[in-house]
Each structure stands twice: as structure tokens, then as C-alpha cells.
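Text of structure_35.pdb, listed as PDB, N, CA and C atoms:
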```
ATOM      1  N   MET A   1     -13.708-118.692  78.800
ATOM      2  CA  MET A   1     -13.612-118.361  77.393
ATOM      3  C   MET A   1     -14.693-117.327  77.052
ATOM      4  N   ALA A   2     -14.339-116.342  76.297
ATOM      5  CA  ALA A   2     -15.268-115.268  75.942
ATOM      6  C   ALA A   2     -16.266-115.745  74.891
ATOM      7  N   ARG A   3     -17.504-115.288  75.060
ATOM      8  CA  ARG A   3     -18.528-115.628  74.071
ATOM      9  C   ARG A   3     -18.380-114.717  72.872
ATOM     10  N   THR A   4     -18.521-115.288  71.701
ATOM     11  CA  THR A   4     -18.472-114.472  70.489
ATOM     12  C   THR A   4     -19.859-113.923  70.210
ATOM     13  N   ARG A   5     -19.891-112.721  69.733
ATOM     14  CA  ARG A   5     -21.175-112.091  69.418
ATOM     15  C   ARG A   5     -21.631-112.505  68.032
ATOM     16  N   ALA A   6     -22.921-112.558  67.871
ATOM     17  CA  ALA A   6     -23.493-112.862  66.562
ATOM     18  C   ALA A   6     -23.279-111.665  65.640
ATOM     19  N   TYR A   7     -23.098-111.943  64.372
ATOM     20  CA  TYR A   7     -22.888-110.888  63.383
ATOM     21  C   TYR A   7     -24.182-110.098  63.200
ATOM     22  N   SER A   8     -24.076-108.800  63.308
ATOM     23  CA  SER A   8     -25.237-107.938  63.142
ATOM     24  C   SER A   8     -24.993-106.994  61.967
ATOM     25  N   PRO A   9     -25.722-107.170  60.866
ATOM     26  CA  PRO A   9     -25.519-106.288  59.716
ATOM     27  C   PRO A   9     -25.846-104.830  60.028
ATOM     28  N   LEU A  10     -26.808-104.606  60.917
ATOM     29  CA  LEU A  10     -27.163-103.237  61.274
ATOM     30  C   LEU A  10     -26.012-102.551  62.008
ATOM     31  N   MET A  11     -25.421-103.235  62.985
ATOM     32  CA  MET A  11     -24.301-102.650  63.726
ATOM     33  C   MET A  11     -23.088-102.466  62.822
ATOM     34  N   ASP A  12     -22.880-103.400  61.901
ATOM     35  CA  ASP A  12     -21.775-103.268  60.954
ATOM     36  C   ASP A  12     -21.981-102.043  60.069
ATOM     37  N   SER A  13     -23.185-101.855  59.575
ATOM     38  CA  SER A  13     -23.483-100.697  58.725
ATOM     39  C   SER A  13     -23.359 -99.389  59.501
ATOM     40  N   LEU A  14     -23.826 -99.380  60.740
ATOM     41  CA  LEU A  14     -23.705 -98.171  61.562
ATOM     42  C   LEU A  14     -22.245 -97.846  61.857
ATOM     43  N   GLY A  15     -21.460 -98.861  62.154
ATOM     44  CA  GLY A  15     -20.036 -98.646  62.416
ATOM     45  C   GLY A  15     -19.305 -98.120  61.196
ATOM     46  N   ARG A  16     -19.604 -98.696  60.041
ATOM     47  CA  ARG A  16     -18.971 -98.227  58.807
ATOM     48  C   ARG A  16     -19.428 -96.821  58.442
ATOM     49  N   SER A  17     -20.689 -96.510  58.697
ATOM     50  CA  SER A  17     -21.187 -95.155  58.422
ATOM     51  C   SER A  17     -20.501 -94.140  59.319
ATOM     52  N   LEU A  18     -20.349 -94.482  60.584
ATOM     53  CA  LEU A  18     -19.664 -93.592  61.518
ATOM     54  C   LEU A  18     -18.215 -93.369  61.095
ATOM     55  N   ARG A  19     -17.534 -94.438  60.695
ATOM     56  CA  ARG A  19     -16.147 -94.309  60.238
ATOM     57  C   ARG A  19     -16.068 -93.475  58.972
ATOM     58  N   PHE A  20     -17.032 -93.630  58.059
ATOM     59  CA  PHE A  20     -17.056 -92.827  56.837
ATOM     60  C   PHE A  20     -17.180 -91.345  57.156
ATOM     61  N   PHE A  21     -18.141 -90.988  58.021
ATOM     62  CA  PHE A  21     -18.332 -89.571  58.348
ATOM     63  C   PHE A  21     -17.134 -88.999  59.091
ATOM     64  N   TYR A  22     -16.514 -89.797  59.965
ATOM     65  CA  TYR A  22     -15.325 -89.327  60.672
ATOM     66  C   TYR A  22     -14.192 -89.050  59.690
ATOM     67  N   LEU A  23     -13.941 -89.987  58.792
ATOM     68  CA  LEU A  23     -12.856 -89.808  57.824
ATOM     69  C   LEU A  23     -13.136 -88.654  56.876
ATOM     70  N   LEU A  24     -14.361 -88.541  56.402
ATOM     71  CA  LEU A  24     -14.699 -87.464  55.478
ATOM     72  C   LEU A  24     -14.585 -86.107  56.158
ATOM     73  N   TRP A  25     -15.163 -85.981  57.347
ATOM     74  CA  TRP A  25     -15.113 -84.709  58.063
ATOM     75  C   TRP A  25     -13.669 -84.341  58.411
ATOM     76  N   GLY A  26     -12.920 -85.291  58.944
ATOM     77  CA  GLY A  26     -11.531 -85.023  59.326
ATOM     78  C   GLY A  26     -10.657 -84.691  58.135
ATOM     79  N   GLY A  27     -10.825 -85.418  57.045
ATOM     80  CA  GLY A  27     -10.027 -85.155  55.853
ATOM     81  C   GLY A  27     -10.324 -83.802  55.243
ATOM     82  N   MET A  28     -11.597 -83.465  55.161
ATOM     83  CA  MET A  28     -11.956 -82.163  54.587
ATOM     84  C   MET A  28     -11.510 -81.021  55.495
ATOM     85  N   LEU A  29     -11.670 -81.180  56.809
ATOM     86  CA  LEU A  29     -11.256 -80.135  57.745
ATOM     87  C   LEU A  29      -9.745 -79.939  57.708
ATOM     88  N   LEU A  30      -8.985 -81.029  57.792
ATOM     89  CA  LEU A  30      -7.528 -80.920  57.784
ATOM     90  C   LEU A  30      -7.023 -80.371  56.462
ATOM     91  N   GLY A  31      -7.603 -80.837  55.358
ATOM     92  CA  GLY A  31      -7.194 -80.324  54.051
ATOM     93  C   GLY A  31      -7.494 -78.846  53.881
ATOM     94  N   THR A  32      -8.660 -78.418  54.322
ATOM     95  CA  THR A  32      -9.032 -77.005  54.209
ATOM     96  C   THR A  32      -8.156 -76.130  55.089
ATOM     97  N   LEU A  33      -7.919 -76.564  56.325
ATOM     98  CA  LEU A  33      -7.069 -75.782  57.219
ATOM     99  C   LEU A  33      -5.649 -75.667  56.680
ATOM    100  N   ALA A  34      -5.123 -76.755  56.126
ATOM    101  CA  ALA A  34      -3.764 -76.713  55.584
ATOM    102  C   ALA A  34      -3.705 -75.863  54.323
ATOM    103  N   ALA A  35      -4.710 -75.955  53.480
ATOM    104  CA  ALA A  35      -4.696 -75.207  52.216
ATOM    105  C   ALA A  35      -4.793 -73.703  52.449
ATOM    106  N   TYR A  36      -5.583 -73.295  53.430
ATOM    107  CA  TYR A  36      -5.777 -71.864  53.679
ATOM    108  C   TYR A  36      -4.918 -71.330  54.824
ATOM    109  N   ASN A  37      -3.941 -72.127  55.265
ATOM    110  CA  ASN A  37      -2.982 -71.731  56.296
ATOM    111  C   ASN A  37      -3.690 -71.255  57.567
ATOM    112  N   ARG A  38      -4.662 -72.006  58.016
ATOM    113  CA  ARG A  38      -5.427 -71.669  59.220
ATOM    114  C   ARG A  38      -5.159 -72.659  60.351
ATOM    115  N   ILE A  39      -3.999 -73.277  60.340
ATOM    116  CA  ILE A  39      -3.694 -74.306  61.323
ATOM    117  C   ILE A  39      -3.373 -73.657  62.664
ATOM    118  N   ARG A  40      -4.022 -74.137  63.707
ATOM    119  CA  ARG A  40      -3.756 -73.701  65.080
ATOM    120  C   ARG A  40      -3.367 -74.942  65.875
ATOM    121  N   LEU A  41      -2.187 -74.930  66.428
ATOM    122  CA  LEU A  41      -1.707 -76.082  67.179
ATOM    123  C   LEU A  41      -2.047 -75.938  68.657
ATOM    124  N   PRO A  42      -2.349 -77.052  69.327
ATOM    125  CA  PRO A  42      -2.640 -76.979  70.763
ATOM    126  C   PRO A  42      -1.389 -76.607  71.567
ATOM    127  N   ALA A  43      -1.597 -76.190  72.784
ATOM    128  CA  ALA A  43      -0.505 -75.682  73.623
ATOM    129  C   ALA A  43       0.554 -76.741  73.914
ATOM    130  N   PHE A  44       0.148 -78.010  74.068
ATOM    131  CA  PHE A  44       1.146 -79.022  74.414
ATOM    132  C   PHE A  44       2.140 -79.269  73.286
ATOM    133  N   VAL A  45       1.786 -78.949  72.041
ATOM    134  CA  VAL A  45       2.725 -79.118  70.923
ATOM    135  C   VAL A  45       3.833 -78.071  71.000
ATOM    136  N   TRP A  46       3.533 -76.916  71.564
ATOM    137  CA  TRP A  46       4.512 -75.835  71.638
ATOM    138  C   TRP A  46       5.599 -76.104  72.673
ATOM    139  N   THR A  47       5.514 -77.218  73.409
ATOM    140  CA  THR A  47       6.630 -77.580  74.291
ATOM    141  C   THR A  47       7.834 -78.017  73.472
ATOM    142  N   TRP A  48       7.599 -78.393  72.216
ATOM    143  CA  TRP A  48       8.668 -78.688  71.259
ATOM    144  C   TRP A  48       8.570 -77.662  70.135
ATOM    145  N   PRO A  49       9.216 -76.517  70.271
ATOM    146  CA  PRO A  49       9.039 -75.428  69.300
ATOM    147  C   PRO A  49       9.447 -75.789  67.870
ATOM    148  N   LYS A  50      10.479 -76.613  67.714
ATOM    149  CA  LYS A  50      10.908 -76.967  66.350
ATOM    150  C   LYS A  50       9.841 -77.795  65.637
ATOM    151  N   VAL A  51       9.224 -78.695  66.369
ATOM    152  CA  VAL A  51       8.157 -79.513  65.783
ATOM    153  C   VAL A  51       6.956 -78.636  65.447
ATOM    154  N   ALA A  52       6.625 -77.721  66.351
ATOM    155  CA  ALA A  52       5.471 -76.843  66.120
ATOM    156  C   ALA A  52       5.711 -75.940  64.917
ATOM    157  N   ARG A  53       6.918 -75.388  64.808
ATOM    158  CA  ARG A  53       7.213 -74.508  63.670
ATOM    159  C   ARG A  53       7.246 -75.273  62.349
ATOM    160  N   PHE A  54       7.571 -76.582  62.416
ATOM    161  CA  PHE A  54       7.604 -77.386  61.194
ATOM    162  C   PHE A  54       6.245 -77.396  60.501
ATOM    163  N   PHE A  55       5.174 -77.436  61.277
ATOM    164  CA  PHE A  55       3.839 -77.500  60.683
ATOM    165  C   PHE A  55       3.423 -76.200  60.014
ATOM    166  N   TYR A  56       4.171 -75.122  60.248
ATOM    167  CA  TYR A  56       3.877 -73.845  59.594
ATOM    168  C   TYR A  56       4.728 -73.623  58.348
ATOM    169  N   THR A  57       5.654 -74.540  58.065
ATOM    170  CA  THR A  57       6.454 -74.443  56.840
ATOM    171  C   THR A  57       5.657 -75.030  55.682
ATOM    172  N   PRO A  58       6.058 -74.727  54.445
ATOM    173  CA  PRO A  58       5.356 -75.321  53.295
ATOM    174  C   PRO A  58       5.392 -76.852  53.305
ATOM    175  N   LEU A  59       6.511 -77.423  53.758
ATOM    176  CA  LEU A  59       6.601 -78.883  53.817
ATOM    177  C   LEU A  59       5.617 -79.457  54.845
ATOM    178  N   GLY A  60       5.505 -78.812  55.990
ATOM    179  CA  GLY A  60       4.560 -79.260  57.017
ATOM    180  C   GLY A  60       3.121 -79.123  56.563
ATOM    181  N   ARG A  61       2.822 -78.000  55.905
ATOM    182  CA  ARG A  61       1.461 -77.820  55.378
ATOM    183  C   ARG A  61       1.163 -78.857  54.307
ATOM    184  N   GLY A  62       2.155 -79.156  53.483
ATOM    185  CA  GLY A  62       1.975 -80.190  52.463
ATOM    186  C   GLY A  62       1.742 -81.560  53.078
ATOM    187  N   LEU A  63       2.455 -81.836  54.165
ATOM    188  CA  LEU A  63       2.256 -83.100  54.869
ATOM    189  C   LEU A  63       0.834 -83.194  55.423
ATOM    190  N   LEU A  64       0.361 -82.115  56.047
ATOM    191  CA  LEU A  64      -1.005 -82.110  56.570
ATOM    192  C   LEU A  64      -2.037 -82.203  55.449
ATOM    193  N   LEU A  65      -1.760 -81.547  54.337
ATOM    194  CA  LEU A  65      -2.661 -81.633  53.184
ATOM    195  C   LEU A  65      -2.706 -83.060  52.642
ATOM    196  N   GLY A  66      -1.553 -83.721  52.610
ATOM    197  CA  GLY A  66      -1.502 -85.116  52.169
ATOM    198  C   GLY A  66      -2.259 -86.049  53.095
ATOM    199  N   ILE A  67      -2.145 -85.819  54.400
ATOM    200  CA  ILE A  67      -2.891 -86.637  55.362
ATOM    201  C   ILE A  67      -4.392 -86.408  55.187
ATOM    202  N   GLY A  68      -4.783 -85.147  54.977
ATOM    203  CA  GLY A  68      -6.201 -84.844  54.734
ATOM    204  C   GLY A  68      -6.705 -85.510  53.463
ATOM    205  N   LEU A  69      -5.883 -85.509  52.416
ATOM    206  CA  LEU A  69      -6.261 -86.166  51.164
ATOM    207  C   LEU A  69      -6.383 -87.677  51.360
ATOM    208  N   ALA A  70      -5.453 -88.256  52.105
ATOM    209  CA  ALA A  70      -5.519 -89.699  52.370
ATOM    210  C   ALA A  70      -6.774 -90.056  53.165
ATOM    211  N   MET A  71      -7.143 -89.202  54.118
ATOM    212  CA  MET A  71      -8.370 -89.454  54.882
ATOM    213  C   MET A  71      -9.602 -89.349  53.991
ATOM    214  N   SER A  72      -9.610 -88.403  53.064
ATOM    215  CA  SER A  72     -10.755 -88.264  52.160
ATOM    216  C   SER A  72     -10.863 -89.455  51.216
ATOM    217  N   VAL A  73      -9.731 -89.938  50.715
ATOM    218  CA  VAL A  73      -9.743 -91.126  49.848
ATOM    219  C   VAL A  73     -10.197 -92.348  50.645
ATOM    220  N   ALA A  74      -9.741 -92.456  51.893
ATOM    221  CA  ALA A  74     -10.186 -93.568  52.740
ATOM    222  C   ALA A  74     -11.692 -93.501  52.979
ATOM    223  N   ALA A  75     -12.235 -92.287  53.088
ATOM    224  CA  ALA A  75     -13.686 -92.137  53.255
ATOM    225  C   ALA A  75     -14.416 -92.605  52.005
ATOM    226  N   LEU A  76     -13.875 -92.294  50.836
ATOM    227  CA  LEU A  76     -14.504 -92.761  49.593
ATOM    228  C   LEU A  76     -14.475 -94.282  49.497
ATOM    229  N   ILE A  77     -13.365 -94.885  49.882
ATOM    230  CA  ILE A  77     -13.272 -96.346  49.865
ATOM    231  C   ILE A  77     -14.251 -96.949  50.869
ATOM    232  N   GLU A  78     -14.369 -96.313  52.025
ATOM    233  CA  GLU A  78     -15.281 -96.808  53.058
ATOM    234  C   GLU A  78     -16.732 -96.751  52.587
ATOM    235  N   VAL A  79     -17.127 -95.652  51.951
ATOM    236  CA  VAL A  79     -18.514 -95.550  51.479
ATOM    237  C   VAL A  79     -18.741 -96.528  50.324
ATOM    238  N   TRP A  80     -17.719 -96.779  49.514
ATOM    239  CA  TRP A  80     -17.828 -97.769  48.440
ATOM    240  C   TRP A  80     -18.130 -99.141  49.043
ATOM    241  N   GLU A  81     -17.385 -99.533  50.078
ATOM    242  CA  GLU A  81     -17.612-100.825  50.723
ATOM    243  C   GLU A  81     -18.971-100.878  51.418
ATOM    244  N   LEU A  82     -19.380 -99.773  52.012
ATOM    245  CA  LEU A  82     -20.672 -99.726  52.696
ATOM    246  C   LEU A  82     -21.817 -99.928  51.707
ATOM    247  N   VAL A  83     -21.779 -99.214  50.598
ATOM    248  CA  VAL A  83     -22.822 -99.358  49.577
ATOM    249  C   VAL A  83     -22.787-100.762  48.988
ATOM    250  N   ASP A  84     -21.590-101.304  48.781
ATOM    251  CA  ASP A  84     -21.464-102.657  48.252
ATOM    252  C   ASP A  84     -22.111-103.670  49.194
ATOM    253  N   ARG A  85     -21.847-103.563  50.478
ATOM    254  CA  ARG A  85     -22.445-104.491  51.446
ATOM    255  C   ARG A  85     -23.964-104.369  51.481
ATOM    256  N   ILE A  86     -24.452-103.136  51.453
ATOM    257  CA  ILE A  86     -25.904-102.930  51.506
ATOM    258  C   ILE A  86     -26.565-103.483  50.247
ATOM    259  N   LEU A  87     -25.966-103.218  49.080
ATOM    260  CA  LEU A  87     -26.546-103.722  47.833
ATOM    261  C   LEU A  87     -26.493-105.237  47.755
ATOM    262  N   VAL A  88     -25.378-105.834  48.169
ATOM    263  CA  VAL A  88     -25.270-107.293  48.139
ATOM    264  C   VAL A  88     -26.320-107.908  49.060
ATOM    265  N   ARG A  89     -26.491-107.328  50.228
ATOM    266  CA  ARG A  89     -27.500-107.858  51.153
ATOM    267  C   ARG A  89     -28.903-107.688  50.582
ATOM    268  N   PHE A  90     -29.199-106.532  50.015
ATOM    269  CA  PHE A  90     -30.517-106.282  49.450
ATOM    270  C   PHE A  90     -30.784-107.209  48.267
ATOM    271  N   LEU A  91     -29.821-107.338  47.362
ATOM    272  CA  LEU A  91     -30.018-108.191  46.188
ATOM    273  C   LEU A  91     -30.102-109.661  46.577
ATOM    274  N   HIS A  92     -29.345-110.060  47.600
ATOM    275  CA  HIS A  92     -29.405-111.443  48.047
ATOM    276  C   HIS A  92     -30.787-111.742  48.631
ATOM    277  N   ASP A  93     -31.314-110.839  49.427
ATOM    278  CA  ASP A  93     -32.669-111.020  49.969
ATOM    279  C   ASP A  93     -33.705-111.021  48.850
ATOM    280  N   HIS A  94     -33.504-110.184  47.839
ATOM    281  CA  HIS A  94     -34.424-110.114  46.710
ATOM    282  C   HIS A  94     -34.414-111.434  45.934
ATOM    283  N   GLU A  95     -33.239-112.019  45.737
ATOM    284  CA  GLU A  95     -33.145-113.300  45.039
ATOM    285  C   GLU A  95     -33.830-114.400  45.846
ATOM    286  N   ARG A  96     -33.682-114.355  47.158
ATOM    287  CA  ARG A  96     -34.316-115.350  48.013
ATOM    288  C   ARG A  96     -35.835-115.262  47.914
ATOM    289  N   GLU A  97     -36.371-114.036  47.861
ATOM    290  CA  GLU A  97     -37.817-113.856  47.738
ATOM    291  C   GLU A  97     -38.314-114.314  46.371
ATOM    292  N   ARG A  98     -37.507-114.129  45.341
ATOM    293  CA  ARG A  98     -37.903-114.513  43.992
ATOM    294  C   ARG A  98     -37.998-116.033  43.864
ATOM    295  N   GLU A  99     -37.133-116.763  44.577
ATOM    296  CA  GLU A  99     -37.125-118.222  44.488
ATOM    297  C   GLU A  99     -38.351-118.845  45.142
ATOM    298  N   ARG A 100     -38.980-118.160  46.058
ATOM    299  CA  ARG A 100     -40.145-118.729  46.764
ATOM    300  C   ARG A 100     -41.336-118.846  45.896
TER
END
```
Mind converting the file's structure to C-alpha cells?
Amino acid sequence: MARTRAYSPLMDSLGRSLRFFYLLWGGMLLGTLAAYNRIRLPAFVWTWPKVARFFYTPLGRGLLLGIGLAMSVAALIEVWELVDRILVRFLHDHERERER
């Protein structure tokens, strides 16, 4: 049977911070590339020319812009949860110190 790891608030905060930066960077990059029509597809996508050309149509650019927007909103939600966890932990420790 596998041993369960103890909960580490530091590792949880680092993981959430990493996910926040990934989502924010990816969402902003994808949104900017789609908005300014600077999308460059990798070579393996061009093995299916119809799929590759779809991403250069207005509908494809809109789809990529929507995915970028969804990633940016997910980053905002992630940072909201991260700040909430940090504040709850800080305030809980503060209340514990006040009771002593």
C-alpha cells in the first residue's frame, strides 16, 4: 500500500503559483497571437492541411482567442484561490497567537 504524503502548505502554494503563471502566460500569449494574426503552426500540423488552414480563418482565430481568454480567466480564479488560502492561513495563525 502506498504511503500518503503529509499536506505541505508551501508545496501547495508553489504548485498553485506555478499553475497561475502558466495559465496567465499561455492565455496572454495565445490571445495576443490570435488577435494580431501572428499564429505559426508547427510542421506536424501541416500533415492535415485542412485543419492547419482552419486556424488561419476568422473562426479559427476566434476559437484560439476564446481559449486564450478562458486560460486568462482560469489564471484569475487560480490567483484568487491562492490569495484566499494564504490569507486564511495567515489569519488563522494570527488568531491562534492572539488566544495565547
Just the residues within 7 Å of A:Gly68, please, counting only N, CA and C atoms, with nothing from its chain fewer than 2 positions along; format it as an NGL selection string.
-> :A and (26-32 or 63-66 or 70-73)
DSSP-assigned alpha helix (DSSP H) among chain A, expressed as a PyMOL selection string | chain A and resi 9-35+49-54+58-99
Find the residue from A:Arg61, A:Arg40, A:Arg16, A:Arg98 that sits nearest to A:Arg85; use only C-alpha atoms when measuring.
-> A:Arg16
Work out how far atom CA of A:Arg5 is from atom CA of A:Val83, in Å to one decimal.
->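 Answer for the atom CA of A:Val83 to atom CA of A:Arg5 separation: 23.6 Å.
When the distance limit is 8 Å and only N, CA and C atoms are what count, the residues near A:Ala74, minus those fewer than 6 positions from it on the same chain, are Arg19, Phe20, Leu23, Leu24, Gly68 and Trp80 of chain A.
Minimum atom-to-atom distance to A:Thr57, evaluated using only C-alpha atoms, belongs to A:Ala34 out of A:Ala34, A:Leu76, A:Val88, A:Ala6.
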Work out how far atom N of A:Trp25 is from atom C of A:Phe55, in Å to one decimal.
->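 Between these atoms lies a distance of 21.2 Å.
Here atom C of A:Leu69 and atom C of A:Phe54 stand 18.7 Å from one another.
Distances from A:Phe21, A:Pro58, A:Pro9, A:Glu99 to A:Ile77 were compared using only C-alpha atoms, and the smallest one belongs to A:Phe21.
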Run the PyMOL selection byres (((chain A and resi 41 and name CA) around 10) and name CA) against the file shown and list the residues it catches, as a PDB file with N, CA and C atoms, in the frame of the given file.
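To be explicit, this is the file written out as result_34.pdb:
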```pdb
ATOM      1  N   ARG A  38      -4.662 -72.006  58.016  1.00  0.00           N
ATOM      2  CA  ARG A  38      -5.427 -71.669  59.220  1.00  0.00           C
ATOM      3  C   ARG A  38      -5.159 -72.659  60.351  1.00  0.00           C
ATOM      4  N   ILE A  39      -3.999 -73.277  60.340  1.00  0.00           N
ATOM      5  CA  ILE A  39      -3.694 -74.306  61.323  1.00  0.00           C
ATOM      6  C   ILE A  39      -3.373 -73.657  62.664  1.00  0.00           C
ATOM      7  N   ARG A  40      -4.022 -74.137  63.707  1.00  0.00           N
ATOM      8  CA  ARG A  40      -3.756 -73.701  65.080  1.00  0.00           C
ATOM      9  C   ARG A  40      -3.367 -74.942  65.875  1.00  0.00           C
ATOM     10  N   PRO A  42      -2.349 -77.052  69.327  1.00  0.00           N
ATOM     11  CA  PRO A  42      -2.640 -76.979  70.763  1.00  0.00           C
ATOM     12  C   PRO A  42      -1.389 -76.607  71.567  1.00  0.00           C
ATOM     13  N   ALA A  43      -1.597 -76.190  72.784  1.00  0.00           N
ATOM     14  CA  ALA A  43      -0.505 -75.682  73.623  1.00  0.00           C
ATOM     15  C   ALA A  43       0.554 -76.741  73.914  1.00  0.00           C
ATOM     16  N   PHE A  44       0.148 -78.010  74.068  1.00  0.00           N
ATOM     17  CA  PHE A  44       1.146 -79.022  74.414  1.00  0.00           C
ATOM     18  C   PHE A  44       2.140 -79.269  73.286  1.00  0.00           C
ATOM     19  N   VAL A  45       1.786 -78.949  72.041  1.00  0.00           N
ATOM     20  CA  VAL A  45       2.725 -79.118  70.923  1.00  0.00           C
ATOM     21  C   VAL A  45       3.833 -78.071  71.000  1.00  0.00           C
ATOM     22  N   TRP A  46       3.533 -76.916  71.564  1.00  0.00           N
ATOM     23  CA  TRP A  46       4.512 -75.835  71.638  1.00  0.00           C
ATOM     24  C   TRP A  46       5.599 -76.104  72.673  1.00  0.00           C
ATOM     25  N   ALA A  52       6.625 -77.721  66.351  1.00  0.00           N
ATOM     26  CA  ALA A  52       5.471 -76.843  66.120  1.00  0.00           C
ATOM     27  C   ALA A  52       5.711 -75.940  64.917  1.00  0.00           C
ATOM     28  N   ARG A  53       6.918 -75.388  64.808  1.00  0.00           N
ATOM     29  CA  ARG A  53       7.213 -74.508  63.670  1.00  0.00           C
ATOM     30  C   ARG A  53       7.246 -75.273  62.349  1.00  0.00           C
ATOM     31  N   PHE A  55       5.174 -77.436  61.277  1.00  0.00           N
ATOM     32  CA  PHE A  55       3.839 -77.500  60.683  1.00  0.00           C
ATOM     33  C   PHE A  55       3.423 -76.200  60.014  1.00  0.00           C
ATOM     34  N   TYR A  56       4.171 -75.122  60.248  1.00  0.00           N
ATOM     35  CA  TYR A  56       3.877 -73.845  59.594  1.00  0.00           C
ATOM     36  C   TYR A  56       4.728 -73.623  58.348  1.00  0.00           C
TER      37      TYR A  56
END
```
So which residues get picked by the PyMOL selection byres (((chain A and resi 86 and name CA) around 12) and name CA) here, written as a PyMOL selection string?
-> chain A and resi 9-10+12-14+16-17+79-85+87-93
Provide an axis-aligned box for all listed atoms of stretch 47-59 of chain A, padding each side by 5 Å; report its centre and its edge lengths in Å to one decimal, as AutoDock Vina command-line options.
```
--center_x 7.2 --center_y -76.6 --center_z 63.8 --size_x 17.5 --size_y 15.9 --size_z 31.0
```
